[in-house]
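*Asks:* This is the content of upload_25.pdb (PDB, C-alpha atoms):
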ATOM      1  CA  LEU A   1      55.533  40.448 -22.024
ATOM      2  CA  ILE A   2      53.960  43.833 -21.523
ATOM      3  CA  PRO A   3      52.850  45.324 -24.846
ATOM      4  CA  GLY A   4      55.002  48.263 -25.878
ATOM      5  CA  LYS A   5      57.663  47.632 -23.248
ATOM      6  CA  PRO A   6      60.982  45.831 -23.614
ATOM      7  CA  ALA A   7      61.260  42.410 -21.996
ATOM      8  CA  PRO A   8      63.144  42.413 -18.671
ATOM      9  CA  LYS A   9      66.577  40.791 -18.726
ATOM     10  CA  LEU A  10      66.290  37.753 -16.454
ATOM     11  CA  ILE A  11      69.362  35.808 -17.584
ATOM     12  CA  THR A  12      72.665  37.670 -17.712
ATOM     13  CA  LYS A  13      75.666  37.134 -19.936
ATOM     14  CA  ALA A  14      77.576  35.802 -16.892
ATOM     15  CA  MET A  15      74.858  33.193 -16.306
ATOM     16  CA  ILE A  16      75.110  32.042 -19.937
ATOM     17  CA  GLU A  17      78.890  31.843 -19.652
ATOM     18  CA  SER A  18      78.551  29.596 -16.580
ATOM     19  CA  MET A  19      76.427  27.039 -18.470
ATOM     20  CA  LYS A  20      77.844  23.729 -19.669
ATOM     21  CA  PRO A  21      78.789  23.446 -23.342
ATOM     22  CA  GLY A  22      75.871  22.102 -25.346
ATOM     23  CA  SER A  23      73.233  23.790 -23.189
ATOM     24  CA  VAL A  24      70.199  25.227 -24.975
ATOM     25  CA  VAL A  25      68.191  28.303 -24.013
ATOM     26  CA  VAL A  26      64.886  29.313 -25.588
ATOM     27  CA  ASP A  27      63.926  32.949 -25.195
ATOM     28  CA  LEU A  28      60.140  33.156 -25.411
ATOM     29  CA  ALA A  29      60.286  36.940 -25.101
ATOM     30  CA  ALA A  30      62.648  37.460 -28.046
ATOM     31  CA  GLU A  31      60.100  39.510 -29.989
ATOM     32  CA  ALA A  32      60.350  42.213 -27.290
ATOM     33  CA  GLY A  33      64.149  42.117 -27.055
ATOM     34  CA  GLY A  34      64.418  38.933 -25.020
ATOM     35  CA  ASN A  35      64.768  37.895 -21.388
ATOM     36  CA  ILE A  36      68.319  36.675 -22.043
ATOM     37  CA  GLU A  37      71.057  39.280 -22.357
ATOM     38  CA  THR A  38      72.785  37.375 -25.169
ATOM     39  CA  THR A  39      69.663  36.697 -27.283
ATOM     40  CA  ARG A  40      69.608  37.866 -30.871
ATOM     41  CA  PRO A  41      65.912  38.300 -31.678
ATOM     42  CA  GLY A  42      64.849  36.317 -34.733
ATOM     43  CA  GLU A  43      67.946  34.113 -34.744
ATOM     44  CA  LEU A  44      69.212  30.712 -33.704
ATOM     45  CA  TYR A  45      72.902  30.966 -32.892
ATOM     46  CA  VAL A  46      75.596  29.712 -30.544
ATOM     47  CA  TYR A  47      77.279  31.907 -27.936
ATOM     48  CA  ASN A  48      79.984  30.397 -25.721
ATOM     49  CA  ASP A  49      78.885  26.854 -26.740
ATOM     50  CA  VAL A  50      75.303  27.581 -25.587
ATOM     51  CA  VAL A  51      72.642  27.359 -28.297
ATOM     52  CA  HIS A  52      70.285  30.342 -28.246
ATOM     53  CA  ILE A  53      66.849  30.049 -29.806
ATOM     54  CA  GLY A  54      65.527  33.561 -30.162
ATOM     55  CA  TYR A  55      62.826  33.076 -32.775
ATOM     56  CA  THR A  56      60.223  35.824 -32.827
ATOM     57  CA  ASP A  57      57.647  33.649 -34.590
ATOM     58  CA  LEU A  58      57.461  30.714 -32.159
ATOM     59  CA  PRO A  59      53.637  30.572 -32.084
ATOM     60  CA  SER A  60      53.539  30.008 -35.852
ATOM     61  CA  ARG A  61      56.134  27.210 -35.529
ATOM     62  CA  LEU A  62      54.316  25.316 -32.777
ATOM     63  CA  PRO A  63      51.526  23.579 -34.755
ATOM     64  CA  THR A  64      54.016  21.625 -36.836
ATOM     65  CA  GLN A  65      56.106  20.724 -33.788
ATOM     66  CA  SER A  66      53.010  19.714 -31.819
ATOM     67  CA  SER A  67      51.748  17.491 -34.633
ATOM     68  CA  THR A  68      55.147  15.844 -34.988
ATOM     69  CA  LEU A  69      55.411  15.156 -31.249
ATOM     70  CA  TYR A  70      51.862  13.772 -31.091
ATOM     71  CA  ALA A  71      52.444  11.531 -34.113
ATOM     72  CA  ASN A  72      55.682  10.276 -32.582
ATOM     73  CA  ASN A  73      53.921   9.459 -29.283
ATOM     74  CA  ILE A  74      51.116   7.565 -31.036
ATOM     75  CA  THR A  75      53.631   5.667 -33.163
ATOM     76  CA  LYS A  76      55.661   4.663 -30.090
ATOM     77  CA  LEU A  77      52.484   3.568 -28.273
ATOM     78  CA  LEU A  78      51.424   1.364 -31.187
ATOM     79  CA  LEU A  79      54.926  -0.056 -31.580
ATOM     80  CA  SER A  80      54.999  -0.895 -27.864
ATOM     81  CA  MET A  81      51.891  -3.025 -28.408
ATOM     82  CA  GLY A  82      53.402  -5.195 -31.097
ATOM     83  CA  GLN A  83      55.316  -5.547 -34.301
ATOM     84  CA  LYS A  84      54.577  -4.481 -37.845
ATOM     85  CA  ASP A  85      52.223  -7.369 -38.656
ATOM     86  CA  HIS A  86      51.051  -8.505 -35.202
ATOM     87  CA  PHE A  87      49.769  -6.724 -32.111
ATOM     88  CA  ASN A  88      50.363  -8.337 -28.750
ATOM     89  CA  ILE A  89      48.181  -6.678 -26.137
ATOM     90  CA  ASP A  90      50.153  -7.174 -22.930
ATOM     91  CA  LEU A  91      47.797  -6.235 -20.102
ATOM     92  CA  ASN A  92      50.716  -6.379 -17.656
ATOM     93  CA  ASP A  93      52.267  -3.346 -19.372
ATOM     94  CA  GLU A  94      50.936  -0.341 -17.409
ATOM     95  CA  VAL A  95      50.856   2.007 -20.417
ATOM     96  CA  VAL A  96      49.186  -0.510 -22.711
ATOM     97  CA  ARG A  97      46.689  -1.518 -20.013
ATOM     98  CA  GLY A  98      45.762   2.109 -19.377
ATOM     99  CA  SER A  99      44.968   2.647 -23.054
ATOM    100  CA  ILE A 100      42.689  -0.379 -23.551
ATOM    101  CA  ILE A 101      38.944   0.207 -23.115
ATOM    102  CA  LEU A 102      37.523  -3.043 -24.536
ATOM    103  CA  LYS A 103      39.106  -6.409 -25.243
ATOM    104  CA  ASP A 104      37.120  -9.271 -26.741
ATOM    105  CA  GLY A 105      33.891  -7.495 -25.738
ATOM    106  CA  GLN A 106      34.938  -7.179 -22.102
ATOM    107  CA  LEU A 107      35.001  -3.673 -20.604
ATOM    108  CA  LEU A 108      38.433  -3.023 -19.096
ATOM    109  CA  TYR A 109      37.837   0.596 -18.129
ATOM    110  CA  PRO A 110      38.812   2.069 -15.730
ATOM    111  CA  PRO A 111      42.253   0.502 -15.505
ATOM    112  CA  PRO A 112      43.429  -0.736 -12.109
ATOM    113  CA  ARG A 113      45.505   1.690 -10.055
ATOM    114  CA  ALA A 114      49.245   1.386 -10.464
ATOM    115  CA  VAL A 115      51.000  -0.317  -7.593
ATOM    116  CA  ASP A 116      53.798   1.768  -6.093
ATOM    117  CA  PRO A 117      57.086  -0.174  -5.862
TER
END
Now, as a test, write the supplied structure out as structure tokens.

*Replies:*
Amino acid sequence: LIPGKPAPKLITKAMIESMKPGSVVVDLAAEAGGNIETTRPGELYVYNDVVHIGYTDLPSRLPTQSSTLYANNITKLLLSMGQKDHFNIDLNDEVVRGSIILKDGQLLYPPPRAVDP
């Protein structure tokens, strides 16, 4: 965006109409009119079965989304290490192994390099 100038139209109505039903477009320049010809600044709506996200306050929405995504990732990592009442540290699991620094007082950092298949 260039302050004081309208956003250039990078995606035309014809391009939107060629998209598969259920597609989603997010217009990060909606506050300056949008880079997508069919964007309605400040709105979430559907045009030709394509969902348009044209929010003009995206930066203020991101902290909540970021926290939710981070919490979900941490939860999935912990769940991959075990069940509700018991953790099973599987050092053969590449993700688990990469996240373990110490085990039973033994330094496991840095993790071994992954072997390409």

*Asks:* Could you tell me which of A:Glu17, A:Asp57, A:Asp90, A:Asp49 comes closest to Glu31 of chain A if we count all atoms listed in the file?

*Replies:*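 For Glu31 of chain A, the nearest of the candidates is A:Asp57.
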
*Asks:* Please define a box with edges along x, y and z of the file around all atoms of segment 103-109 of chain A given in the file, extend it by 5 Å on each side, and return its centre and edge lengths in Å to one decimal, as lines of an AutoDock Vina configuration file.

*Replies:*
center_x = 36.5
center_y = -4.3
center_z = -22.4
size_x = 15.2
size_y = 19.9
size_z = 18.6

*Asks:* Leaving out Pro111 of chain A and any residue of its chain fewer than 2 positions from it, which residues lie within 12 Å of it when counting all atoms listed in the file, given as a PyMOL selection string?

*Replies:* chain A and resi 91-102+107-109+113-115

*Asks:* Just say which residues the PyMOL selection byres ((chain A and resi 10) around 10) picks in this file, as a list in words.

*Replies:*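 For this structure, the PyMOL selection byres ((chain A and resi 10) around 10) captures Ala7, Pro8, Lys9, Ile11, Thr12, Met15, Gly34, Asn35, Ile36 and Glu37 of chain A.
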
*Asks:* Could you please determine the separation between atom CA of Pro6 of chain A and atom CA of Tyr55 of chain A in Å, to one decimal place?

*Replies:*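 Taking atom CA of Pro6 of chain A and atom CA of Tyr55 of chain A, their separation equals 15.8 Å.
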
*Asks:* Can you tell me, as a VMD selection string, what residues are no more than 10 Å from Gly22 of chain A when counting only C-alpha atoms, ignoring any on the same chain fewer than 5 positions away?

*Replies:* chain A and resid 46 48 to 51

*Asks:* Counting only C-alpha atoms, which residue out of A:Ile53, A:Lys103, A:Asn72, A:Leu62 sits closest to Asn88 of chain A?

*Replies:*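 That would be A:Lys103, the residue with the smallest distance to Asn88 of chain A.
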
*Asks:* Kindly give the distance, in Å, that separates atom CA of Val24 of chain A and atom CA of Pro41 of chain A, rounded to a single decimal.

*Replies:*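 Between these atoms lies a distance of 15.3 Å.
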
*Asks:* Given the file shown, enumerate the residues that the PyMOL selection byres ((chain A and resi 43) around 9) captures and present them as JSON, numbers by chain.

*Replies:* {"A": [39, 40, 41, 42, 44, 45, 52, 53, 54, 55, 56]}

*Asks:* Restricting the output to C-alpha atoms, write the selected residues as a short mmCIF file (atom, residue, chain, number, x, y, z; two decimals), keeping the file's coordinate frame.

*Replies:*
data_model
loop_
_atom_site.label_atom_id
_atom_site.label_comp_id
_atom_site.auth_asym_id
_atom_site.auth_seq_id
_atom_site.Cartn_x
_atom_site.Cartn_y
_atom_site.Cartn_z
CA THR A 39 69.66 36.70 -27.28
CA ARG A 40 69.61 37.87 -30.87
CA PRO A 41 65.91 38.30 -31.68
CA GLY A 42 64.85 36.32 -34.73
CA LEU A 44 69.21 30.71 -33.70
CA TYR A 45 72.90 30.97 -32.89
CA HIS A 52 70.28 30.34 -28.25
CA ILE A 53 66.85 30.05 -29.81
CA GLY A 54 65.53 33.56 -30.16
CA TYR A 55 62.83 33.08 -32.78
CA THR A 56 60.22 35.82 -32.83
#

*Asks:* Pull out every residue that the PyMOL selection byres ((chain A and resi 3) around 12) matches in the shown coordinates and put them as an NGL selection string.

*Replies:* :A and (1-2 or 4-7 or 29 or 31-33)

*Asks:* For atom CA of Leu69 of chain A and atom CA of Lys84 of chain A, quote the distance in Å rounded to one decimal.

*Replies:*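 Between atom CA of Leu69 of chain A and atom CA of Lys84 of chain A the gap is 20.7 Å.
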
*Asks:* For segment 38-70 of chain A, supply N, CA and C atoms and format the output as an mmCIF file, in the frame of the given file.

*Replies:*
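result19.cif, written as the output of this step:
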data_model
loop_
_atom_site.group_PDB
_atom_site.id
_atom_site.type_symbol
_atom_site.label_atom_id
_atom_site.label_comp_id
_atom_site.auth_asym_id
_atom_site.auth_seq_id
_atom_site.Cartn_x
_atom_site.Cartn_y
_atom_site.Cartn_z
ATOM 1 N N THR A 38 72.040 37.725 -23.965
ATOM 2 C CA THR A 38 72.785 37.375 -25.169
ATOM 3 C C THR A 38 71.893 36.933 -26.334
ATOM 4 N N THR A 39 70.586 37.074 -26.204
ATOM 5 C CA THR A 39 69.663 36.697 -27.283
ATOM 6 C C THR A 39 69.790 37.646 -28.458
ATOM 7 N N ARG A 40 69.718 37.082 -29.648
ATOM 8 C CA ARG A 40 69.608 37.866 -30.871
ATOM 9 C C ARG A 40 68.213 37.593 -31.415
ATOM 10 N N PRO A 41 67.283 38.533 -31.236
ATOM 11 C CA PRO A 41 65.912 38.300 -31.678
ATOM 12 C C PRO A 41 65.835 37.876 -33.144
ATOM 13 N N GLY A 42 65.052 36.821 -33.382
ATOM 14 C CA GLY A 42 64.849 36.317 -34.733
ATOM 15 C C GLY A 42 65.885 35.315 -35.190
ATOM 16 N N GLU A 43 66.849 34.986 -34.331
ATOM 17 C CA GLU A 43 67.946 34.113 -34.744
ATOM 18 C C GLU A 43 68.114 32.893 -33.856
ATOM 19 N N LEU A 44 68.714 31.872 -34.442
ATOM 20 C CA LEU A 44 69.212 30.712 -33.704
ATOM 21 C C LEU A 44 70.723 30.785 -33.875
ATOM 22 N N TYR A 45 71.448 30.886 -32.798
ATOM 23 C CA TYR A 45 72.902 30.966 -32.892
ATOM 24 C C TYR A 45 73.538 30.408 -31.631
ATOM 25 N N VAL A 46 74.850 30.274 -31.670
ATOM 26 C CA VAL A 46 75.596 29.712 -30.544
ATOM 27 C C VAL A 46 76.499 30.797 -29.965
ATOM 28 N N TYR A 47 76.397 30.991 -28.653
ATOM 29 C CA TYR A 47 77.279 31.907 -27.936
ATOM 30 C C TYR A 47 77.922 31.122 -26.808
ATOM 31 N N ASN A 48 79.243 31.074 -26.776
ATOM 32 C CA ASN A 48 79.984 30.397 -25.721
ATOM 33 C C ASN A 48 79.525 28.939 -25.565
ATOM 34 N N ASP A 49 79.329 28.257 -26.685
ATOM 35 C CA ASP A 49 78.885 26.854 -26.740
ATOM 36 C C ASP A 49 77.492 26.629 -26.163
ATOM 37 N N VAL A 50 76.696 27.689 -26.029
ATOM 38 C CA VAL A 50 75.303 27.581 -25.587
ATOM 39 C C VAL A 50 74.419 27.983 -26.776
ATOM 40 N N VAL A 51 73.534 27.083 -27.171
ATOM 41 C CA VAL A 51 72.642 27.359 -28.297
ATOM 42 C C VAL A 51 71.529 28.284 -27.812
ATOM 43 N N HIS A 52 71.334 29.364 -28.551
ATOM 44 C CA HIS A 52 70.285 30.342 -28.246
ATOM 45 C C HIS A 52 69.208 30.241 -29.313
ATOM 46 N N ILE A 53 67.976 30.027 -28.881
ATOM 47 C CA ILE A 53 66.849 30.049 -29.806
ATOM 48 C C ILE A 53 66.071 31.310 -29.487
ATOM 49 N N GLY A 54 66.167 32.264 -30.385
ATOM 50 C CA GLY A 54 65.527 33.561 -30.162
ATOM 51 C C GLY A 54 64.509 33.881 -31.231
ATOM 52 N N TYR A 55 63.818 32.855 -31.726
ATOM 53 C CA TYR A 55 62.826 33.076 -32.775
ATOM 54 C C TYR A 55 61.725 34.014 -32.290
ATOM 55 N N THR A 56 61.303 34.896 -33.160
ATOM 56 C CA THR A 56 60.223 35.824 -32.827
ATOM 57 C C THR A 56 58.878 35.346 -33.359
ATOM 58 N N ASP A 57 58.885 34.201 -34.023
ATOM 59 C CA ASP A 57 57.647 33.649 -34.590
ATOM 60 C C ASP A 57 57.347 32.258 -34.027
ATOM 61 N N LEU A 58 57.675 32.038 -32.758
ATOM 62 C CA LEU A 58 57.461 30.714 -32.159
ATOM 63 C C LEU A 58 56.012 30.225 -32.248
ATOM 64 N N PRO A 59 55.015 31.074 -31.994
ATOM 65 C CA PRO A 59 53.637 30.572 -32.084
ATOM 66 C C PRO A 59 53.301 29.984 -33.452
ATOM 67 N N SER A 60 53.837 30.549 -34.523
ATOM 68 C CA SER A 60 53.539 30.008 -35.852
ATOM 69 C C SER A 60 54.322 28.730 -36.128
ATOM 70 N N ARG A 61 55.359 28.441 -35.364
ATOM 71 C CA ARG A 61 56.134 27.210 -35.529
ATOM 72 C C ARG A 61 55.570 26.053 -34.706
ATOM 73 N N LEU A 62 54.766 26.346 -33.697
ATOM 74 C CA LEU A 62 54.316 25.316 -32.777
ATOM 75 C C LEU A 62 53.359 24.281 -33.358
ATOM 76 N N PRO A 63 52.422 24.621 -34.249
ATOM 77 C CA PRO A 63 51.526 23.579 -34.755
ATOM 78 C C PRO A 63 52.253 22.413 -35.410
ATOM 79 N N THR A 64 53.261 22.692 -36.194
ATOM 80 C CA THR A 64 54.016 21.625 -36.836
ATOM 81 C C THR A 64 54.747 20.787 -35.806
ATOM 82 N N GLN A 65 55.383 21.437 -34.846
ATOM 83 C CA GLN A 65 56.106 20.724 -33.788
ATOM 84 C C GLN A 65 55.146 19.877 -32.958
ATOM 85 N N SER A 66 53.999 20.449 -32.619
ATOM 86 C CA SER A 66 53.010 19.714 -31.819
ATOM 87 C C SER A 66 52.518 18.479 -32.560
ATOM 88 N N SER A 67 52.223 18.633 -33.841
ATOM 89 C CA SER A 67 51.748 17.491 -34.633
ATOM 90 C C SER A 67 52.808 16.410 -34.727
ATOM 91 N N THR A 68 54.053 16.809 -34.904
ATOM 92 C CA THR A 68 55.147 15.844 -34.988
ATOM 93 C C THR A 68 55.311 15.093 -33.673
ATOM 94 N N LEU A 69 55.280 15.803 -32.557
ATOM 95 C CA LEU A 69 55.411 15.156 -31.249
ATOM 96 C C LEU A 69 54.259 14.198 -30.977
ATOM 97 N N TYR A 70 53.030 14.626 -31.312
ATOM 98 C CA TYR A 70 51.862 13.772 -31.091
ATOM 99 C C TYR A 70 51.958 12.514 -31.953
#
